[in-house]
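What's in query_16.txt: compact mmCIF, C-alpha atoms
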```txt
# COMPACT_ATOMS: atom_id res chain seq x y z
CA MET A 1 0.00 0.00 0.00
CA LYS A 2 2.88 2.33 0.82
CA ASN A 3 4.42 1.70 -2.63
CA ILE A 4 1.08 2.34 -4.35
CA SER A 5 0.66 5.67 -2.52
CA LYS A 6 4.20 6.71 -3.42
CA LEU A 7 3.68 5.74 -7.08
CA ALA A 8 0.37 7.69 -7.20
CA GLY A 9 2.16 10.76 -5.85
CA ILE A 10 4.88 10.46 -8.49
CA LEU A 11 2.37 10.13 -11.34
CA LEU A 12 0.31 13.09 -10.06
CA THR A 13 3.43 15.27 -9.95
CA TYR A 14 4.32 14.30 -13.48
CA CYS A 15 0.79 14.99 -14.76
CA VAL A 16 1.24 18.56 -13.51
CA LEU A 17 4.59 18.84 -15.33
CA ALA A 18 3.04 17.48 -18.52
CA GLY A 19 0.20 19.98 -18.21
CA LEU A 20 2.65 22.85 -17.96
CA SER A 21 4.20 21.57 -21.17
CA ALA A 22 0.95 21.52 -23.12
CA TYR A 23 1.21 24.36 -25.62
CA ALA A 24 3.77 23.64 -31.03
CA GLN A 25 4.60 22.97 -34.58
CA PRO A 26 8.18 21.86 -35.20
CA SER A 27 9.39 20.24 -38.41
CA ALA A 28 9.87 16.46 -38.44
CA PRO A 29 13.58 16.52 -39.47
CA THR A 30 14.54 19.02 -36.73
CA ALA A 31 12.41 17.49 -33.98
CA THR A 32 13.60 13.94 -34.62
CA GLN A 33 17.25 15.07 -34.64
CA GLN A 34 16.74 17.07 -31.43
CA ALA A 35 15.05 14.15 -29.68
CA GLN A 36 17.64 11.59 -30.82
CA ASN A 37 20.57 13.83 -29.85
CA PHE A 38 18.99 14.52 -26.47
CA GLN A 39 18.33 10.85 -25.77
CA ASN A 40 21.81 9.73 -26.82
CA ASN A 41 23.55 12.46 -24.83
CA MET A 42 21.40 11.80 -21.76
CA GLU A 43 22.28 8.10 -21.87
CA MET A 44 25.98 8.94 -22.14
CA GLN A 45 25.81 11.46 -19.27
CA LYS A 46 24.15 9.11 -16.80
CA PRO A 47 26.50 6.99 -14.65
CA PHE A 48 26.64 3.64 -16.40
CA LEU A 49 25.21 1.63 -13.48
CA THR A 50 22.31 1.98 -11.11
CA LEU A 51 24.41 2.91 -8.12
CA TYR A 52 24.35 2.00 -4.51
CA PRO A 53 26.48 4.89 -3.14
CA GLY A 54 28.71 4.11 -0.22
CA THR A 55 29.80 0.70 -1.41
CA ASN A 56 32.95 -0.27 -3.27
CA ALA A 57 31.91 -3.67 -4.58
CA PRO A 58 30.36 -3.35 -8.02
CA GLU A 59 28.28 -5.79 -9.96
CA THR A 60 27.26 -5.06 -13.55
CA TYR A 61 24.22 -7.21 -12.74
CA GLN A 62 22.93 -8.54 -9.43
CA GLY A 63 24.73 -11.75 -8.46
CA GLU A 64 27.71 -11.19 -10.75
CA ASN A 65 30.21 -11.60 -7.89
CA ALA A 66 29.02 -15.16 -7.40
CA ASP A 67 29.80 -15.82 -11.08
CA ILE A 68 33.18 -14.17 -11.64
CA GLY A 69 34.51 -13.14 -8.25
CA GLU A 70 34.55 -9.89 -6.29
CA GLN A 71 34.85 -6.63 -8.25
CA HIS A 72 35.31 -3.00 -7.26
CA ILE A 73 33.78 0.48 -7.78
CA LEU A 74 29.98 0.52 -8.03
CA ARG A 75 27.17 -1.84 -7.33
CA LEU A 76 23.64 -2.58 -8.47
CA LEU A 77 20.84 -2.32 -5.93
CA PRO A 78 20.61 -5.78 -4.33
CA ARG A 79 16.82 -5.86 -3.76
CA SER A 80 14.83 -7.91 -6.30
CA THR A 81 12.11 -5.87 -8.02
CA LEU A 82 9.67 -6.20 -10.94
CA PHE A 83 8.75 -2.65 -11.96
CA MET A 84 10.54 0.65 -12.52
CA VAL A 85 9.30 4.24 -12.72
CA SER A 86 11.73 7.06 -13.43
CA LEU A 87 11.18 10.83 -13.53
CA ASP A 88 13.74 13.14 -15.07
CA SER A 89 13.64 16.95 -15.40
CA GLU A 90 16.41 18.63 -17.38
CA TYR A 91 16.91 22.36 -17.90
CA LEU A 92 19.57 23.45 -20.37
CA TYR A 93 20.86 26.26 -22.57
CA THR A 94 21.51 25.58 -26.26
CA ASP A 95 23.16 27.94 -28.73
CA ASN A 96 21.40 26.35 -31.73
CA ALA A 97 17.81 25.30 -30.99
CA LEU A 98 16.91 24.82 -34.67
CA LEU A 99 20.11 22.93 -35.59
CA THR A 100 20.94 25.28 -38.47
CA THR A 101 24.13 26.59 -40.07
CA ALA A 102 23.09 30.20 -40.70
CA ASN A 103 21.65 32.48 -38.00
CA PRO A 104 21.47 29.93 -35.16
CA VAL A 105 18.84 30.65 -32.51
CA SER A 106 19.86 30.27 -28.87
CA SER A 107 17.28 29.18 -26.34
CA THR A 108 16.62 27.32 -23.14
CA GLU A 109 15.09 23.85 -23.16
CA PHE A 110 13.04 22.27 -20.39
CA VAL A 111 12.77 18.52 -21.02
CA ASN A 112 10.69 16.27 -18.77
CA THR A 113 10.84 12.50 -19.13
CA LEU A 114 8.63 9.82 -17.60
CA VAL A 115 9.44 6.11 -17.95
CA ALA A 116 7.22 3.33 -16.58
CA ALA A 117 8.28 -0.25 -17.25
CA PHE A 118 8.08 -3.88 -16.31
CA ALA A 119 11.79 -4.38 -15.62
CA PRO A 120 12.52 -7.35 -13.34
CA THR A 121 15.84 -7.83 -11.65
CA PRO A 122 18.23 -9.72 -14.01
CA PHE A 123 17.93 -13.48 -13.61
CA ARG A 124 20.26 -16.32 -14.56
CA MET A 125 20.03 -17.68 -18.09
CA GLY A 126 22.86 -19.77 -19.52
CA PRO A 127 26.29 -18.30 -18.75
CA GLY A 128 24.94 -14.84 -17.92
CA ARG A 129 21.95 -12.89 -16.63
CA PHE A 130 18.89 -11.83 -18.61
CA ALA A 131 16.99 -8.56 -18.02
CA PRO A 132 13.80 -7.99 -20.06
CA GLU A 133 12.12 -4.59 -20.11
CA PHE A 134 8.74 -3.49 -21.53
CA GLY A 135 7.12 -0.13 -21.00
CA TYR A 136 6.24 3.43 -21.92
CA THR A 137 8.22 6.67 -22.21
CA GLY A 138 6.78 10.18 -22.39
CA GLN A 139 9.06 13.11 -23.16
CA TRP A 140 8.10 16.81 -23.35
CA PHE A 141 10.37 19.42 -25.01
CA ASP A 142 9.64 23.06 -24.08
CA TYR A 143 11.67 25.98 -25.41
CA GLY A 144 12.22 29.54 -24.20
CA LEU A 145 11.32 29.14 -20.51
CA GLY A 146 13.40 31.82 -18.79
CA GLY A 147 15.40 32.56 -21.97
CA ASN A 148 14.99 33.81 -25.53
CA SER A 149 11.24 33.98 -26.31
CA LYS A 150 11.30 34.70 -30.08
CA LEU A 151 12.56 33.03 -33.22
CA SER A 152 14.98 35.60 -34.67
CA GLY A 153 14.43 36.58 -38.29
CA ALA A 154 10.80 35.40 -38.41
CA THR A 155 8.21 37.76 -39.92
CA PRO A 156 5.95 38.35 -38.15
CA PRO A 157 7.84 37.67 -34.88
CA THR A 158 7.16 34.07 -33.84
CA PRO A 159 7.27 32.73 -30.25
CA ILE A 160 10.01 30.19 -29.83
CA ASP A 161 7.60 27.89 -28.03
CA SER A 162 6.02 27.28 -31.45
CA ILE A 163 8.60 24.51 -31.84
CA ASP A 164 7.58 22.73 -28.62
CA PHE A 165 6.80 19.05 -29.11
CA ASN A 166 6.42 15.81 -27.19
CA VAL A 167 7.33 12.20 -27.92
CA GLN A 168 5.32 9.21 -26.67
CA SER A 169 6.98 5.80 -26.97
CA ALA A 170 6.18 2.14 -26.39
CA PHE A 171 9.21 -0.13 -26.07
CA GLY A 172 10.27 -3.67 -25.45
CA GLY A 173 13.70 -5.22 -25.21
CA ALA A 174 16.27 -6.97 -23.06
CA LYS A 175 19.86 -6.89 -21.85
CA TYR A 176 22.04 -9.96 -21.48
CA TYR A 177 24.91 -9.60 -19.00
CA LEU A 178 27.80 -11.94 -19.77
CA PRO A 179 30.86 -12.76 -17.66
CA ASP A 180 33.91 -10.53 -18.16
CA ASN A 181 31.65 -7.46 -18.28
CA TRP A 182 30.16 -7.88 -21.76
CA ILE A 183 26.59 -6.61 -22.21
CA LEU A 184 24.34 -7.41 -25.20
CA TYR A 185 21.25 -5.27 -25.73
CA GLY A 186 18.29 -5.31 -28.12
CA GLN A 187 15.17 -3.14 -28.15
CA VAL A 188 12.27 -2.09 -30.37
CA ASN A 189 10.67 1.37 -29.95
CA TYR A 190 7.56 2.80 -31.54
CA ASN A 191 7.64 6.61 -31.25
CA TRP A 192 4.88 9.15 -31.87
CA TYR A 193 5.74 12.89 -32.19
CA PHE A 194 3.07 15.50 -31.40
CA GLN A 195 3.05 19.29 -31.62
CA GLN A 196 2.10 21.08 -28.42
CA ASN A 197 0.90 24.55 -29.53
CA SER A 198 -2.03 25.25 -31.80
CA THR A 199 -1.47 27.39 -34.90
CA ALA A 200 -3.68 28.96 -37.57
CA SER A 201 -3.22 25.87 -39.75
CA SER A 202 -3.24 23.03 -37.23
CA PRO A 203 -4.48 22.26 -33.71
CA SER A 204 -2.36 21.30 -30.73
CA GLY A 205 -1.93 17.57 -30.29
CA ARG A 206 -1.44 16.92 -34.01
CA MET A 207 0.85 13.97 -34.72
CA PHE A 208 3.42 15.05 -37.29
CA TYR A 209 5.81 12.07 -37.23
CA ARG A 210 6.01 8.44 -36.15
CA GLU A 211 8.65 5.72 -36.42
CA LEU A 212 9.43 2.10 -35.63
CA VAL A 213 13.04 1.72 -34.41
CA PRO A 214 14.69 -1.66 -33.78
CA ASP A 215 18.25 -1.41 -32.43
CA LEU A 216 21.08 -3.68 -31.28
CA GLU A 217 24.02 -2.83 -29.02
CA VAL A 218 27.09 -4.45 -27.53
CA GLU A 219 29.05 -2.94 -24.64
CA ARG A 220 32.32 -3.84 -22.94
CA LEU A 221 33.22 -2.55 -19.48
CA ILE A 222 36.90 -2.46 -18.48
CA GLN A 223 38.04 -1.92 -14.91
CA VAL A 224 40.81 0.71 -15.06
CA THR A 225 41.35 1.28 -11.32
CA HIS A 226 39.35 0.48 -8.19
CA ARG A 227 37.51 3.81 -8.79
CA ALA A 228 37.31 3.95 -12.60
CA VAL A 229 35.59 1.96 -15.34
CA LEU A 230 36.05 2.43 -19.09
CA GLY A 231 33.09 1.64 -21.35
CA LEU A 232 33.16 0.88 -25.10
CA THR A 233 29.90 0.62 -27.06
CA ALA A 234 28.90 -0.23 -30.63
CA ALA A 235 25.26 0.07 -31.73
CA GLY A 236 23.08 0.11 -34.83
CA ASP A 237 19.42 0.89 -35.56
CA TRP A 238 16.90 1.42 -38.35
CA HIS A 239 14.16 4.10 -38.43
CA GLU A 240 11.07 3.05 -40.40
CA SER A 241 9.29 6.40 -40.45
CA TRP A 242 6.28 8.42 -41.54
CA GLN A 243 6.10 12.24 -41.59
CA ILE A 244 3.06 14.39 -42.22
CA ASN A 245 4.64 16.11 -45.26
CA ASP A 246 5.23 14.34 -48.56
CA PRO A 247 7.37 12.32 -49.23
CA HIS A 248 6.21 10.59 -46.06
CA ASP A 249 9.18 8.20 -45.78
CA LEU A 250 11.89 10.88 -46.13
CA GLN A 251 13.27 10.28 -42.61
CA ASN A 252 13.88 6.54 -43.10
CA ARG A 253 17.48 5.90 -42.09
CA ALA A 254 20.05 3.56 -40.58
CA ASP A 255 22.36 4.71 -37.76
CA GLY A 256 25.67 3.26 -36.65
CA LEU A 257 27.15 4.48 -33.35
CA LEU A 258 30.49 4.06 -31.59
CA SER A 259 31.05 5.53 -28.14
CA VAL A 260 33.53 5.54 -25.30
CA PHE A 261 33.09 6.79 -21.73
CA LEU A 262 35.00 6.81 -18.45
CA THR A 263 33.14 6.59 -15.14
CA TYR A 264 35.16 7.81 -12.15
CA GLN A 265 33.93 7.61 -8.56
CA VAL A 266 35.38 10.68 -6.82
CA THR A 267 33.57 9.92 -3.55
CA PRO A 268 30.93 7.29 -2.73
CA LYS A 269 28.21 9.71 -3.92
CA LEU A 270 30.02 11.80 -6.56
CA ILE A 271 30.51 10.42 -10.09
CA VAL A 272 32.33 12.09 -13.01
CA GLN A 273 31.77 10.78 -16.54
CA PRO A 274 33.34 12.22 -19.73
CA TYR A 275 32.38 10.66 -23.08
CA TYR A 276 32.71 10.75 -26.86
CA ARG A 277 30.22 9.43 -29.43
CA PHE A 278 30.40 9.07 -33.22
CA GLN A 279 27.27 8.50 -35.27
CA TYR A 280 26.96 7.68 -38.97
CA SER A 281 23.48 7.98 -40.52
CA TYR A 282 22.48 6.68 -43.95
CA TYR A 283 19.29 8.00 -45.58
CA PRO A 284 18.09 6.22 -48.76
CA LYS A 285 16.65 9.61 -49.82
CA ASP A 286 18.11 13.10 -49.36
CA SER A 287 16.03 16.05 -48.09
CA SER A 288 14.69 16.81 -51.59
CA GLY A 289 13.66 13.19 -52.25
CA GLY A 290 16.76 12.39 -54.33
CA PRO A 291 19.09 9.43 -53.78
CA VAL A 292 21.21 8.95 -50.64
CA ARG A 293 22.13 11.30 -47.83
CA GLN A 294 24.89 10.60 -45.30
CA ASP A 295 25.39 12.37 -41.96
CA LEU A 296 28.42 12.30 -39.67
CA LEU A 297 27.86 13.41 -36.06
CA ASN A 298 30.59 13.85 -33.44
CA SER A 299 29.52 14.42 -29.84
CA PHE A 300 31.79 15.34 -26.93
CA GLY A 301 30.59 15.84 -23.38
CA GLY A 302 30.77 15.10 -19.71
CA SER A 303 28.72 15.09 -16.54
CA VAL A 304 29.12 15.33 -12.78
CA THR A 305 26.47 13.48 -10.77
CA TRP A 306 25.69 13.68 -7.05
CA PHE A 307 23.54 10.97 -5.44
CA PHE A 308 21.46 12.28 -2.55
CA THR A 309 20.11 8.75 -2.14
CA PRO A 310 20.42 5.60 -4.27
CA ASN A 311 17.22 6.73 -6.05
CA LEU A 312 17.59 10.53 -6.25
CA SER A 313 20.41 12.24 -8.15
CA PHE A 314 21.40 15.69 -9.44
CA ARG A 315 23.56 16.07 -12.54
CA VAL A 316 25.29 18.97 -14.28
CA PHE A 317 26.55 18.47 -17.81
CA ALA A 318 27.92 20.01 -21.00
CA ASN A 319 28.07 18.60 -24.52
CA ASP A 320 29.04 19.70 -28.02
CA ASP A 321 27.41 18.16 -31.14
CA ILE A 322 29.03 18.70 -34.56
CA GLU A 323 27.06 17.47 -37.58
CA HIS A 324 28.42 17.21 -41.14
CA VAL A 325 25.98 16.33 -43.93
CA ARG A 326 27.37 14.75 -47.09
CA SER A 327 25.74 14.72 -50.53
CA ASP A 328 22.72 16.87 -49.58
CA SER A 329 22.80 20.60 -50.32
CA PHE A 330 19.48 21.28 -48.53
CA ALA A 331 20.19 19.63 -45.17
CA PRO A 332 22.40 21.91 -43.03
CA ASP A 333 25.59 21.13 -41.21
CA TYR A 334 25.34 22.41 -37.64
CA HIS A 335 27.24 22.96 -34.42
CA ASP A 336 25.24 22.77 -31.18
CA TRP A 337 26.60 23.53 -27.70
CA ASN A 338 24.55 22.65 -24.59
CA VAL A 339 25.04 23.13 -20.86
CA GLY A 340 22.54 22.41 -18.12
CA ALA A 341 21.38 20.53 -15.03
CA ASP A 342 19.19 17.51 -14.40
CA LEU A 343 17.24 16.09 -11.46
CA ALA A 344 16.34 12.40 -11.67
CA TYR A 345 14.40 9.98 -9.48
CA VAL A 346 14.18 6.22 -10.03
CA PHE A 347 11.67 4.12 -8.11
CA ARG A 348 11.82 0.30 -8.24
CA PHE A 349 9.29 -1.99 -6.63
```

Can you turn what I pasted into structure tokens?
Amino acid sequence: MKNISKLAGILLTYCVLAGLSAYAQPSAPTATQQAQNFQNNMEMQKPFLTLYPGTNAPETYQGENADIGEQHILRLLPRSTLFMVSLDSEYLYTDNALLTTANPVSSTEFVNTLVAAFAPTPFRMGPGRFAPEFGYTGQWFDYGLGGNSKLSGATPPTPIDSIDFNVQSAFGGAKYYLPDNWILYGQVNYNWYFQQNSTASSPSGRMFYRELVPDLEVERLIQVTHRAVLGLTAAGDWHESWQINDPHDLQNRADGLLSVFLTYQVTPKLIVQPYYRFQYSYYPKDSSGGPVRQDLLNSFGGSVTWFFTPNLSFRVFANDDIEHVRSDSFAPDYHDWNVGADLAYVFRF
């Protein structure tokens, strides 16, 4: 009963946040790039394990020590659970909200994320541990709160919150934790993109983009010292998409990603994590509907995370995204610098 009351309080709080976000009409190419960049950077900025601060015996999955011997650094929460709810509020400054080359528009972003999932504690299967996960993600992107309120160069002047949008996702997947700190991961997401503000031509709540995204990932964790772990990741995905404007399949693409990060435990509750990520994207059609577009994205960043409790954390971060578009004269190269702070709560029961 106590867990149900706590969960109800969390969901009520997040309904209020979602209501504050309810005002938008972004373009599908920009919104999808913003959301993907945000999600990838957020995953790289989070400490790589669910931490139990104050310990120095890590397990990349619960029960790993029994399999391969005692480790060091960080540790998964030992209590067996079935469900997970996470709330994440991130406030940041960006110097290029529209991801353009000419006349970039600076702005603030307020991004709220809710995840609710069936995510049982990893259990033994073969030589490793298996961790399925099925659930829902809601993500709300709001621009200009406490910062620039207009899109520069627009005639007539246009509020920057006209590009607000939200993404609703259903997902299912699993991780497989192998001995020697190898992790295999597969997931399928179905994402719906909605505008948040009404305009003269369309109402709020209009869906302007949707996609089915299967992806695969392999990760290797390497113990560097008793306080530091190096992570190497390779991943690939495919976006089977539909956008409201013709041609409807213009955003179909394949992504290949390589990343490296270093997690360093300064104190039992303070974690520093720099990272680098490279992404190659292949579009069968360019932005004018012609053949083949290729994008190269380099991302550099880092975060500092403080754990108030094993469930509640505060993170400050900075990242720099540099995009180069090949063989497409209409799609812009861009350079996007972000700095901000994040408050996250994870509840498992």

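Comparing the minimum interatomic distances between Trp182 of chain A and each of A:Arg220, A:Arg326, A:Arg315, A:Arg129, counting only C-alpha atoms, we find that A:Arg220 sits nearest.
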
>> I'd like the contact shell of Ala97 of chain A - 7 Å cut-off, all atoms listed in the file, skipping same-chain residues fewer than 6 positions apart - returned as an MDAnalysis selection string.
In response: chainID A and resid 105:107

> Could you work out how far atom CA of Asn103 of chain A lies from atom CA of Ala331 of chain A, giving the answer in Å with one decimal?
Replying inline: 14.8 Å

> Looking at only C-alpha atoms, which of A:Leu216, A:Leu178, A:Leu232, A:Met44 is the one that sits closest to Ser303 of chain A?
Replying inline: A:Met44

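Separating atom CA of Phe300 of chain A from atom CA of Phe330 of chain A is a distance of 25.6 Å.
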
>> Taking 4 positions as the minimum chain separation for residues in the same chain, which residues sit within 10 Å of Asn37 of chain A when counting only C-alpha atoms? Answer as an NGL selection string.
In response: :A and (31-33 or 41-43 or 297 or 299 or 321)

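By only C-alpha atoms, and with residues fewer than 4 positions from Ala235 of chain A along its chain excluded, the set lying at most 9 Å from it is Tyr185, Asp215, Leu216, Glu217, Val218, Glu219, Asp255, Gly256, Leu257, Leu258 and Ser259 of chain A.
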
> Leu250 of chain A: which residues within 9 Å, counting only C-alpha atoms, same-chain residues fewer than 6 positions away excluded, as number ranges by chain?
Replying inline: A: 29, 241-243, 283-289

>> For a quick check of your reading of the model, name the residues lying within 6 Å of the coordinate (12.3, 2.0, -29.9), counting all atoms listed in the file, and write them as JSON, numbers by chain.
In response: {"A": [171, 188, 189, 190, 213, 214]}

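Closest approach to Thr94 of chain A from the set A:Gln34, A:Gln273, A:Gln265, A:Gln39 is made by A:Gln34, with distances taken over only C-alpha atoms.
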
>> Can you pull out the residues contacting Ser89 of chain A? Cut-off 7 Å, using only C-alpha atoms, and skip same-chain residues under 3 positions away; I want them as a PyMOL selection string.
In response: chain A and resi 111-113+342-344

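You will find atom CA of Asp237 of chain A at 14.4 Å from atom CA of Gly172 of chain A.
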
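Remark: for Asp333 of chain A, the closest of the candidate residues A:Val304, A:Met207, A:Ala28, A:Leu99 is A:Leu99 (distances computed over all atoms listed in the file).
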
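Distances from A:Thr121, A:Gln196, A:Gln187, A:Asn245 to Phe141 of chain A were compared using only C-alpha atoms, and the smallest one belongs to A:Gln196.
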
> Which is closest to Gly340 of chain A among A:Tyr176, A:Phe317, A:Tyr280, A:Phe134, if we use all atoms listed in the file?
Replying inline: A:Phe317

Could you add N, CA and C atoms to segment 241-264 of chain A and give me the result as a PDB file, in the coordinates of the input?
```pdb
ATOM      1  N   SER A 241       9.965   5.184 -40.882  1.00  0.00           N
ATOM      2  CA  SER A 241       9.290   6.400 -40.450  1.00  0.00           C
ATOM      3  C   SER A 241       8.146   6.831 -41.360  1.00  0.00           C
ATOM      4  N   TRP A 242       7.331   7.734 -40.803  1.00  0.00           N
ATOM      5  CA  TRP A 242       6.280   8.420 -41.540  1.00  0.00           C
ATOM      6  C   TRP A 242       6.231   9.854 -41.041  1.00  0.00           C
ATOM      7  N   GLN A 243       6.269  10.842 -41.961  1.00  0.00           N
ATOM      8  CA  GLN A 243       6.100  12.240 -41.590  1.00  0.00           C
ATOM      9  C   GLN A 243       4.876  12.799 -42.294  1.00  0.00           C
ATOM     10  N   ILE A 244       4.326  13.867 -41.723  1.00  0.00           N
ATOM     11  CA  ILE A 244       3.060  14.390 -42.220  1.00  0.00           C
ATOM     12  C   ILE A 244       3.208  15.013 -43.609  1.00  0.00           C
ATOM     13  N   ASN A 245       4.406  15.520 -43.944  1.00  0.00           N
ATOM     14  CA  ASN A 245       4.640  16.110 -45.260  1.00  0.00           C
ATOM     15  C   ASN A 245       5.150  15.068 -46.242  1.00  0.00           C
ATOM     16  N   ASP A 246       4.786  15.248 -47.495  1.00  0.00           N
ATOM     17  CA  ASP A 246       5.230  14.340 -48.560  1.00  0.00           C
ATOM     18  C   ASP A 246       6.658  14.713 -49.000  1.00  0.00           C
ATOM     19  N   PRO A 247       7.563  13.773 -49.312  1.00  0.00           N
ATOM     20  CA  PRO A 247       7.370  12.320 -49.230  1.00  0.00           C
ATOM     21  C   PRO A 247       7.372  11.832 -47.777  1.00  0.00           C
ATOM     22  N   HIS A 248       6.442  10.968 -47.453  1.00  0.00           N
ATOM     23  CA  HIS A 248       6.210  10.590 -46.060  1.00  0.00           C
ATOM     24  C   HIS A 248       7.331   9.751 -45.453  1.00  0.00           C
ATOM     25  N   ASP A 249       8.125   9.080 -46.298  1.00  0.00           N
ATOM     26  CA  ASP A 249       9.180   8.200 -45.780  1.00  0.00           C
ATOM     27  C   ASP A 249      10.562   8.855 -45.850  1.00  0.00           C
ATOM     28  N   LEU A 250      10.622  10.187 -45.908  1.00  0.00           N
ATOM     29  CA  LEU A 250      11.890  10.880 -46.130  1.00  0.00           C
ATOM     30  C   LEU A 250      12.886  10.680 -44.978  1.00  0.00           C
ATOM     31  N   GLN A 251      12.385  10.429 -43.768  1.00  0.00           N
ATOM     32  CA  GLN A 251      13.270  10.280 -42.610  1.00  0.00           C
ATOM     33  C   GLN A 251      13.678   8.830 -42.339  1.00  0.00           C
ATOM     34  N   ASN A 252      13.355   7.904 -43.235  1.00  0.00           N
ATOM     35  CA  ASN A 252      13.880   6.540 -43.100  1.00  0.00           C
ATOM     36  C   ASN A 252      15.404   6.586 -43.081  1.00  0.00           C
ATOM     37  N   ARG A 253      16.012   5.849 -42.168  1.00  0.00           N
ATOM     38  CA  ARG A 253      17.480   5.900 -42.090  1.00  0.00           C
ATOM     39  C   ARG A 253      18.010   4.767 -41.228  1.00  0.00           C
ATOM     40  N   ALA A 254      19.304   4.494 -41.423  1.00  0.00           N
ATOM     41  CA  ALA A 254      20.050   3.560 -40.580  1.00  0.00           C
ATOM     42  C   ALA A 254      21.135   4.347 -39.851  1.00  0.00           C
ATOM     43  N   ASP A 255      21.327   4.058 -38.566  1.00  0.00           N
ATOM     44  CA  ASP A 255      22.360   4.710 -37.760  1.00  0.00           C
ATOM     45  C   ASP A 255      23.354   3.674 -37.267  1.00  0.00           C
ATOM     46  N   GLY A 256      24.628   4.037 -37.297  1.00  0.00           N
ATOM     47  CA  GLY A 256      25.670   3.260 -36.650  1.00  0.00           C
ATOM     48  C   GLY A 256      26.384   4.139 -35.642  1.00  0.00           C
ATOM     49  N   LEU A 257      26.576   3.662 -34.417  1.00  0.00           N
ATOM     50  CA  LEU A 257      27.150   4.480 -33.350  1.00  0.00           C
ATOM     51  C   LEU A 257      28.317   3.760 -32.685  1.00  0.00           C
ATOM     52  N   LEU A 258      29.361   4.514 -32.392  1.00  0.00           N
ATOM     53  CA  LEU A 258      30.490   4.060 -31.590  1.00  0.00           C
ATOM     54  C   LEU A 258      30.694   5.067 -30.478  1.00  0.00           C
ATOM     55  N   SER A 259      30.878   4.599 -29.253  1.00  0.00           N
ATOM     56  CA  SER A 259      31.050   5.530 -28.140  1.00  0.00           C
ATOM     57  C   SER A 259      32.033   4.970 -27.126  1.00  0.00           C
ATOM     58  N   VAL A 260      32.613   5.899 -26.378  1.00  0.00           N
ATOM     59  CA  VAL A 260      33.530   5.540 -25.300  1.00  0.00           C
ATOM     60  C   VAL A 260      33.267   6.482 -24.133  1.00  0.00           C
ATOM     61  N   PHE A 261      33.283   5.958 -22.918  1.00  0.00           N
ATOM     62  CA  PHE A 261      33.090   6.790 -21.730  1.00  0.00           C
ATOM     63  C   PHE A 261      33.964   6.276 -20.601  1.00  0.00           C
ATOM     64  N   LEU A 262      34.240   7.165 -19.650  1.00  0.00           N
ATOM     65  CA  LEU A 262      35.000   6.810 -18.450  1.00  0.00           C
ATOM     66  C   LEU A 262      34.201   7.243 -17.240  1.00  0.00           C
ATOM     67  N   THR A 263      33.857   6.289 -16.378  1.00  0.00           N
ATOM     68  CA  THR A 263      33.140   6.590 -15.140  1.00  0.00           C
ATOM     69  C   THR A 263      34.144   6.577 -13.987  1.00  0.00           C
ATOM     70  N   TYR A 264      34.214   7.703 -13.259  1.00  0.00           N
ATOM     71  CA  TYR A 264      35.160   7.810 -12.150  1.00  0.00           C
ATOM     72  C   TYR A 264      34.398   8.184 -10.883  1.00  0.00           C
TER      73      TYR A 264
END
```
